[in-house]
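Before any comments, here is the structure.
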Amino acid sequence: MGIDKMAKALRHLGKPSRPPASPASAVLDRVANPHTDAHYVARFTAPEFTTLCPITGQPGLAHLVIDYVPGKWLVESKSLKLYLGSFRNVGAFH
(Lines give C-alpha, C1' and ligand atoms only; values in the text may rest on other atoms or scores of the structure.)
Protein backbone atom coordinates (compact mmCIF):
# COMPACT_ATOMS: atom_id res chain seq x y z
CA MET A 1 0.00 0.00 0.00
CA GLY A 2 1.43 3.41 -0.93
CA ILE A 3 1.97 6.09 1.68
CA ASP A 4 -0.92 8.21 0.38
CA LYS A 5 -3.35 5.28 0.49
CA MET A 6 -2.09 4.29 3.94
CA ALA A 7 -2.60 7.82 5.29
CA LYS A 8 -6.18 7.76 4.02
CA ALA A 9 -6.74 4.37 5.65
CA LEU A 10 -5.68 5.58 9.11
CA ARG A 11 -8.75 6.05 11.28
CA HIS A 12 -7.35 8.35 13.96
CA LEU A 13 -4.05 10.03 13.09
CA GLY A 14 -4.52 13.71 12.34
CA LYS A 15 -8.22 13.60 13.15
CA PRO A 16 -10.31 14.21 16.26
CA SER A 17 -11.08 10.82 17.76
CA ARG A 18 -13.02 9.44 20.69
CA PRO A 19 -11.97 6.35 22.60
CA PRO A 20 -13.79 3.19 21.50
CA ALA A 21 -16.83 2.23 23.58
CA SER A 22 -15.05 -0.94 24.65
CA PRO A 23 -11.76 -2.74 24.02
CA ALA A 24 -13.63 -5.27 21.86
CA SER A 25 -14.77 -2.52 19.48
CA ALA A 26 -11.31 -0.94 19.13
CA VAL A 27 -9.33 -1.19 15.91
CA LEU A 28 -5.58 -0.65 15.91
CA ASP A 29 -4.11 1.18 12.94
CA ARG A 30 -0.71 0.29 11.56
CA VAL A 31 1.93 2.14 9.60
CA ALA A 32 4.69 0.78 7.41
CA ASN A 33 7.99 0.14 9.16
CA PRO A 34 10.55 2.36 7.40
CA HIS A 35 13.43 0.18 8.64
CA THR A 36 12.46 -3.41 7.83
CA ASP A 37 16.14 -4.17 7.18
CA ALA A 38 17.04 -3.59 10.86
CA HIS A 39 15.96 -5.25 14.09
CA TYR A 40 15.10 -2.69 16.77
CA VAL A 41 12.75 -2.36 19.71
CA ALA A 42 9.73 -0.10 19.47
CA ARG A 43 8.54 1.08 22.89
CA PHE A 44 5.22 2.54 23.94
CA THR A 45 4.58 3.68 27.50
CA ALA A 46 1.20 4.33 29.10
CA PRO A 47 1.87 5.73 32.59
CA GLU A 48 -1.80 6.11 33.51
CA PHE A 49 -3.54 2.94 32.34
CA THR A 50 -6.77 2.50 34.29
CA THR A 51 -9.52 -0.06 34.69
CA LEU A 52 -12.21 -0.57 37.29
CA CYS A 53 -11.92 -3.28 39.90
CA PRO A 54 -14.74 -5.72 39.11
CA ILE A 55 -15.34 -6.29 42.84
CA THR A 56 -15.09 -2.85 44.42
CA GLY A 57 -15.64 -0.61 41.41
CA GLN A 58 -12.60 1.39 42.42
CA PRO A 59 -10.18 2.49 39.70
CA GLY A 60 -6.99 0.51 39.29
CA LEU A 61 -3.93 2.32 37.97
CA ALA A 62 -0.97 0.78 36.17
CA HIS A 63 2.11 1.92 34.28
CA LEU A 64 2.32 -0.13 31.08
CA VAL A 65 5.44 -0.51 28.97
CA ILE A 66 4.99 -2.29 25.65
CA ASP A 67 8.16 -3.35 23.84
CA TYR A 68 8.14 -5.18 20.52
CA VAL A 69 10.36 -5.78 17.51
CA PRO A 70 8.36 -4.67 14.47
CA GLY A 71 8.25 -6.59 11.22
CA LYS A 72 6.65 -4.94 8.20
CA TRP A 73 4.39 -2.78 10.36
CA LEU A 74 4.42 -0.55 13.44
CA VAL A 75 1.38 -0.05 15.65
CA GLU A 76 0.17 3.52 15.18
CA SER A 77 0.47 5.12 18.62
CA LYS A 78 -2.72 7.22 18.67
CA SER A 79 -4.89 4.20 17.93
CA LEU A 80 -3.05 2.28 20.67
CA LYS A 81 -3.66 5.12 23.15
CA LEU A 82 -7.35 5.12 22.29
CA TYR A 83 -7.48 1.34 22.67
CA LEU A 84 -5.86 1.49 26.10
CA GLY A 85 -8.20 4.35 27.09
CA SER A 86 -11.19 2.15 26.29
CA PHE A 87 -10.36 0.03 29.36
CA ARG A 88 -11.12 2.98 31.66
CA ASN A 89 -14.70 1.90 32.36
CA VAL A 90 -14.17 -1.87 32.11
CA GLY A 91 -14.15 -4.15 35.12
CA ALA A 92 -10.83 -5.98 34.96
CA PHE A 93 -7.90 -7.02 37.07
CA HIS A 94 -4.41 -6.12 35.94
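Each chain in the C-alpha coordinates gets a letter, A, B and so on, in the order shown; residues start at 1 in every chain, and ligands are counted from 1 in the order they appear.
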
Note to self: Can you pull out every residue from chain A that DSSP, working from the backbone, puts in strand (DSSP E or B), and format the result as a list in words?
What the structure shows: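 Residues meeting the strand (DSSP E or B) criterion: Arg30, Val31, Ala32, Ala42, Arg43, Phe44, Thr45, Ala46, Pro47, Glu48, Phe49, Thr50, Thr51, Leu52, Pro59, Gly60, Leu61, Ala62, His63, Leu64, Val65, Ile66, Asp67, Tyr68, Trp73, Leu74, Val75 and Gly91 of chain A.
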
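Contact shell of Leu74 in chain A at 9 Å (only C-alpha atoms; same-chain neighbours under 6 positions omitted): Asp29, Arg30, Val31, Ala32, Asn33 and Ala42 of chain A.
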
Go ahead and save the residues from that selection, with N, CA, C and O atoms, as a PDB file, in the first residue's frame.
ATOM      1  N   ASP A  29      -4.669   0.842  14.238  1.00  0.00           N
ATOM      2  CA  ASP A  29      -4.106   1.182  12.940  1.00  0.00           C
ATOM      3  C   ASP A  29      -2.647   0.761  12.916  1.00  0.00           C
ATOM      4  O   ASP A  29      -2.008   0.594  13.965  1.00  0.00           O
ATOM      5  N   ARG A  30      -2.116   0.624  11.715  1.00  0.00           N
ATOM      6  CA  ARG A  30      -0.709   0.288  11.559  1.00  0.00           C
ATOM      7  C   ARG A  30      -0.108   1.179  10.487  1.00  0.00           C
ATOM      8  O   ARG A  30      -0.814   1.696   9.621  1.00  0.00           O
ATOM      9  N   VAL A  31       1.195   1.371  10.597  1.00  0.00           N
ATOM     10  CA  VAL A  31       1.935   2.139   9.596  1.00  0.00           C
ATOM     11  C   VAL A  31       3.129   1.295   9.158  1.00  0.00           C
ATOM     12  O   VAL A  31       3.627   0.450   9.908  1.00  0.00           O
ATOM     13  N   ALA A  32       3.567   1.537   7.948  1.00  0.00           N
ATOM     14  CA  ALA A  32       4.692   0.777   7.409  1.00  0.00           C
ATOM     15  C   ALA A  32       5.962   1.054   8.217  1.00  0.00           C
ATOM     16  O   ALA A  32       6.230   2.185   8.619  1.00  0.00           O
ATOM     17  N   ASN A  33       6.713   0.022   8.471  1.00  0.00           N
ATOM     18  CA  ASN A  33       7.988   0.137   9.157  1.00  0.00           C
ATOM     19  C   ASN A  33       9.013   0.651   8.144  1.00  0.00           C
ATOM     20  O   ASN A  33       9.307  -0.030   7.164  1.00  0.00           O
ATOM     21  N   ALA A  42      10.657  -1.222  19.394  1.00  0.00           N
ATOM     22  CA  ALA A  42       9.728  -0.096  19.469  1.00  0.00           C
ATOM     23  C   ALA A  42       9.118  -0.132  20.871  1.00  0.00           C
ATOM     24  O   ALA A  42       8.721  -1.192  21.347  1.00  0.00           O
TER      25      ALA A  42
END

Next item on the list: Determine, counting only C-alpha atoms, which protein, DNA and RNA residues have an atom within 8 Å of an atom of Pro23 in chain A; residues of the same chain fewer than 6 positions away are not included. Present the result as a ChimeraX atom specification.
Entry: /A:83-84,86-87

Write a file of the selected residues as a PDB file, in the first residue's frame, keeping all heavy atoms.
ATOM      1  N   TYR A  83      -7.158   2.701  22.250  1.00  0.00           N
ATOM      2  CA  TYR A  83      -7.485   1.337  22.674  1.00  0.00           C
ATOM      3  C   TYR A  83      -7.280   1.179  24.174  1.00  0.00           C
ATOM      4  O   TYR A  83      -8.164   0.704  24.891  1.00  0.00           O
ATOM      5  CB  TYR A  83      -6.622   0.343  21.908  1.00  0.00           C
ATOM      6  CG  TYR A  83      -6.688  -1.064  22.446  1.00  0.00           C
ATOM      7  CD1 TYR A  83      -7.841  -1.831  22.323  1.00  0.00           C
ATOM      8  CD2 TYR A  83      -5.592  -1.633  23.090  1.00  0.00           C
ATOM      9  CE1 TYR A  83      -7.902  -3.119  22.819  1.00  0.00           C
ATOM     10  CE2 TYR A  83      -5.645  -2.924  23.584  1.00  0.00           C
ATOM     11  CZ  TYR A  83      -6.801  -3.651  23.449  1.00  0.00           C
ATOM     12  OH  TYR A  83      -6.865  -4.926  23.949  1.00  0.00           O
ATOM     13  N   LEU A  84      -6.134   1.612  24.665  1.00  0.00           N
ATOM     14  CA  LEU A  84      -5.864   1.490  26.100  1.00  0.00           C
ATOM     15  C   LEU A  84      -6.839   2.331  26.920  1.00  0.00           C
ATOM     16  O   LEU A  84      -7.273   1.920  27.997  1.00  0.00           O
ATOM     17  CB  LEU A  84      -4.415   1.873  26.401  1.00  0.00           C
ATOM     18  CG  LEU A  84      -3.357   0.941  25.818  1.00  0.00           C
ATOM     19  CD1 LEU A  84      -1.956   1.487  26.074  1.00  0.00           C
ATOM     20  CD2 LEU A  84      -3.501  -0.474  26.352  1.00  0.00           C
ATOM     21  N   SER A  86      -9.873   2.799  26.273  1.00  0.00           N
ATOM     22  CA  SER A  86     -11.190   2.154  26.288  1.00  0.00           C
ATOM     23  C   SER A  86     -11.364   1.201  27.465  1.00  0.00           C
ATOM     24  O   SER A  86     -12.471   0.774  27.766  1.00  0.00           O
ATOM     25  CB  SER A  86     -11.440   1.408  24.973  1.00  0.00           C
ATOM     26  OG  SER A  86     -10.640   0.250  24.881  1.00  0.00           O
ATOM     27  N   PHE A  87     -10.285   0.883  28.169  1.00  0.00           N
ATOM     28  CA  PHE A  87     -10.363   0.032  29.359  1.00  0.00           C
ATOM     29  C   PHE A  87     -10.803   0.815  30.594  1.00  0.00           C
ATOM     30  O   PHE A  87     -11.088   0.222  31.628  1.00  0.00           O
ATOM     31  CB  PHE A  87      -9.001  -0.615  29.652  1.00  0.00           C
ATOM     32  CG  PHE A  87      -8.687  -1.773  28.756  1.00  0.00           C
ATOM     33  CD1 PHE A  87      -8.047  -1.571  27.547  1.00  0.00           C
ATOM     34  CD2 PHE A  87      -9.031  -3.064  29.116  1.00  0.00           C
ATOM     35  CE1 PHE A  87      -7.743  -2.631  26.717  1.00  0.00           C
ATOM     36  CE2 PHE A  87      -8.738  -4.140  28.296  1.00  0.00           C
ATOM     37  CZ  PHE A  87      -8.097  -3.917  27.087  1.00  0.00           C
TER      38      PHE A  87
END

Next item on the list: Go through A:Asp37, A:Glu76, A:Phe93, A:Pro59 one by one, measure the shortest atom-to-atom distance of each to Ala9 in chain A using only C-alpha atoms, and give the residue with the smallest value.
Entry: A:Glu76

Checklist line | Best match for closeness to Asp67 in chain A among A:Ser79, A:Ser25, A:Thr45, A:Ser17, counting only C-alpha atoms | finding: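 When distances to Asp67 in chain A are compared using only C-alpha atoms, the smallest one comes from A:Thr45.
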
Output as a PDB file with N, CA, C and O atoms, in the first residue's frame all residues of chain A that backbone DSSP marks as alpha helix (DSSP H).
ATOM      1  N   ILE A   3       2.084   5.224   0.507  1.00  0.00           N
ATOM      2  CA  ILE A   3       1.975   6.089   1.682  1.00  0.00           C
ATOM      3  C   ILE A   3       0.681   6.907   1.641  1.00  0.00           C
ATOM      4  O   ILE A   3       0.005   7.058   2.652  1.00  0.00           O
ATOM      5  N   ASP A   4       0.313   7.434   0.469  1.00  0.00           N
ATOM      6  CA  ASP A   4      -0.924   8.213   0.378  1.00  0.00           C
ATOM      7  C   ASP A   4      -2.142   7.377   0.718  1.00  0.00           C
ATOM      8  O   ASP A   4      -3.023   7.814   1.440  1.00  0.00           O
ATOM      9  N   LYS A   5      -2.209   6.149   0.199  1.00  0.00           N
ATOM     10  CA  LYS A   5      -3.346   5.278   0.495  1.00  0.00           C
ATOM     11  C   LYS A   5      -3.365   4.898   1.962  1.00  0.00           C
ATOM     12  O   LYS A   5      -4.409   4.796   2.578  1.00  0.00           O
ATOM     13  N   MET A   6      -2.156   4.666   2.536  1.00  0.00           N
ATOM     14  CA  MET A   6      -2.089   4.288   3.939  1.00  0.00           C
ATOM     15  C   MET A   6      -2.578   5.439   4.815  1.00  0.00           C
ATOM     16  O   MET A   6      -3.307   5.231   5.765  1.00  0.00           O
ATOM     17  N   ALA A   7      -2.176   6.665   4.494  1.00  0.00           N
ATOM     18  CA  ALA A   7      -2.602   7.818   5.286  1.00  0.00           C
ATOM     19  C   ALA A   7      -4.119   7.949   5.256  1.00  0.00           C
ATOM     20  O   ALA A   7      -4.740   8.291   6.256  1.00  0.00           O
ATOM     21  N   LYS A   8      -4.731   7.685   4.113  1.00  0.00           N
ATOM     22  CA  LYS A   8      -6.185   7.755   4.017  1.00  0.00           C
ATOM     23  C   LYS A   8      -6.850   6.635   4.811  1.00  0.00           C
ATOM     24  O   LYS A   8      -7.962   6.784   5.280  1.00  0.00           O
ATOM     25  N   ALA A   9      -6.167   5.507   4.950  1.00  0.00           N
ATOM     26  CA  ALA A   9      -6.739   4.367   5.653  1.00  0.00           C
ATOM     27  C   ALA A   9      -6.656   4.515   7.175  1.00  0.00           C
ATOM     28  O   ALA A   9      -7.366   3.828   7.884  1.00  0.00           O
ATOM     29  N   SER A  77       0.567   4.846  17.181  1.00  0.00           N
ATOM     30  CA  SER A  77       0.470   5.117  18.618  1.00  0.00           C
ATOM     31  C   SER A  77      -0.846   5.756  19.049  1.00  0.00           C
ATOM     32  O   SER A  77      -1.341   5.472  20.144  1.00  0.00           O
ATOM     33  N   LYS A  78      -1.455   6.610  18.243  1.00  0.00           N
ATOM     34  CA  LYS A  78      -2.717   7.220  18.668  1.00  0.00           C
ATOM     35  C   LYS A  78      -3.813   6.166  18.788  1.00  0.00           C
ATOM     36  O   LYS A  78      -4.588   6.169  19.750  1.00  0.00           O
ATOM     37  N   SER A  79      -3.865   5.240  17.838  1.00  0.00           N
ATOM     38  CA  SER A  79      -4.889   4.198  17.926  1.00  0.00           C
ATOM     39  C   SER A  79      -4.636   3.298  19.128  1.00  0.00           C
ATOM     40  O   SER A  79      -5.578   2.834  19.764  1.00  0.00           O
ATOM     41  N   LEU A  80      -3.362   3.078  19.478  1.00  0.00           N
ATOM     42  CA  LEU A  80      -3.048   2.284  20.670  1.00  0.00           C
ATOM     43  C   LEU A  80      -3.460   3.020  21.940  1.00  0.00           C
ATOM     44  O   LEU A  80      -4.024   2.427  22.851  1.00  0.00           O
ATOM     45  N   LYS A  81      -3.220   4.329  21.995  1.00  0.00           N
ATOM     46  CA  LYS A  81      -3.658   5.121  23.154  1.00  0.00           C
ATOM     47  C   LYS A  81      -5.172   5.058  23.318  1.00  0.00           C
ATOM     48  O   LYS A  81      -5.681   4.920  24.433  1.00  0.00           O
ATOM     49  N   LEU A  82      -5.891   5.187  22.217  1.00  0.00           N
ATOM     50  CA  LEU A  82      -7.345   5.123  22.292  1.00  0.00           C
ATOM     51  C   LEU A  82      -7.810   3.746  22.750  1.00  0.00           C
ATOM     52  O   LEU A  82      -8.741   3.629  23.554  1.00  0.00           O
ATOM     53  N   TYR A  83      -7.158   2.701  22.250  1.00  0.00           N
ATOM     54  CA  TYR A  83      -7.485   1.337  22.674  1.00  0.00           C
ATOM     55  C   TYR A  83      -7.280   1.179  24.174  1.00  0.00           C
ATOM     56  O   TYR A  83      -8.164   0.704  24.891  1.00  0.00           O
ATOM     57  N   LEU A  84      -6.134   1.612  24.665  1.00  0.00           N
ATOM     58  CA  LEU A  84      -5.864   1.490  26.100  1.00  0.00           C
ATOM     59  C   LEU A  84      -6.839   2.331  26.920  1.00  0.00           C
ATOM     60  O   LEU A  84      -7.273   1.920  27.997  1.00  0.00           O
ATOM     61  N   GLY A  85      -7.221   3.501  26.407  1.00  0.00           N
ATOM     62  CA  GLY A  85      -8.197   4.348  27.087  1.00  0.00           C
ATOM     63  C   GLY A  85      -9.572   3.715  27.180  1.00  0.00           C
ATOM     64  O   GLY A  85     -10.343   4.026  28.080  1.00  0.00           O
TER      65      GLY A  85
END

Notebook entry, point to check: Residues at most 9 Å from Val90 in chain A, counting only C-alpha atoms, excluding those fewer than 4 positions away in the same chain, as a PyMOL selection string?
Noted result: chain A and resi 22-23+50-54+86
